[in-house]
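Chemist: Below: one structure in structure tokens.
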Amino acid sequence: QVQLVESGGGLVQPGGSLRLSCAASGNTIDIYAMGWYRQAPGSEREWVSVIRNDGRTHITNSVNGRFTISRDNAKNTVYLQMNNLKPEDTAVYYCNVQTYGQPDQYWGQGTQVTVSS
């Protein structure tokens with residue numbers, strides 16, 4: 001089993017920045033990718049970004065150039081640095097890890113990000 005604890009959400013004005021963190025514990029040796037999803041009110045959950053064990057990253061087009069994913073392997077923690085935030089970035093952000101075991105993925109509890117003036 002893997003446990004995930006997220007932090008870093010909050011209220012920010014348009015153009016502001018936030019950094020989300022997600023710390024994994026438990027059977028972390030099975031993790032091969034860590035990433036983020038988000039879900040806005042009335043919308044389906046959408047993929048945002050992922051970072052694999054080899055360091056490769058992928059990010060969705062709508063946040064490319066504004067969001068950056070990174071990872072501290074020693075701390076089993078993934079970060080999402082969000083700059084130049086826009087009202088349309090308002091959502092609950094969920095940490096996601098993918099593992100070789102079963103279950104093959106885990107979700108964090110979610111953290112609210114609200115971008116508003």
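Each chain in the structure tokens gets a letter, A, B, ..., in the order shown, and its residues are numbered from 1; ligands are numbered from 1 in order too.
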If you count only C-alpha atoms, which residues fall within 8 Å of stretch 62-69 of chain A, apart from same-chain ones fewer than 4 positions away, as a list in words?

Modeler: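 Skipping anything fewer than 4 positions along the chain leaves Gly35, Val48, Ser49, Val50, Ile51, Thr57, Val78, Tyr79, Leu80, Gln81, Met82, Asn83, Asn84 and Leu85 of chain A.
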
Chemist: If we count only C-alpha atoms and set the cut-off at 9 Å, which residues sit around A:Ser117, ignoring sequence neighbours fewer than 5 positions away in its own chain? Please answer as a PyMOL selection string.

Modeler: chain A and resi 12-14+87

Chemist: Smallest atom-to-atom distance to A:Cys22: which of A:Gly108, A:Gly9, A:Gly101, A:Pro41, using only C-alpha atoms?

Modeler: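 Distance minimum relative to A:Cys22 lands on A:Gly108.
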
Chemist: Give the answer as one residue: which of A:Thr90, A:Leu11, A:Ser43, A:Ala23 has the shortest atom-to-atom distance to A:Arg71, using only C-alpha atoms?

Modeler: A:Ala23

Chemist: Nearest residue to A:Asp30 out of A:Gly42, A:Lys75, A:Gln105, A:Ser7, using only C-alpha atoms?

Modeler: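 Nearest candidate to A:Asp30 out of A:Gly42, A:Lys75, A:Gln105, A:Ser7: A:Gln105.
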
Chemist: Kindly give the distance, in Å, that separates atom CA of A:Trp47 and atom CA of A:Ser25, rounded to a single decimal.

Modeler: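 These two atoms are separated by 22.3 Å.
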
Chemist: Taking only C-alpha atoms into account, which of A:Gly8, A:Trp107, A:Ser116, A:Arg19 comes nearest A:Asp89?

Modeler: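 For A:Asp89, the nearest of the candidates is A:Ser116.
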
Chemist: Step one, run DSSP on the backbone; step two, keep only residues of chain A assigned to helix (DSSP H, G or I); then write them as a VMD selection string.

Modeler: chain A and resid 28 to 30 61 to 63 87 to 89
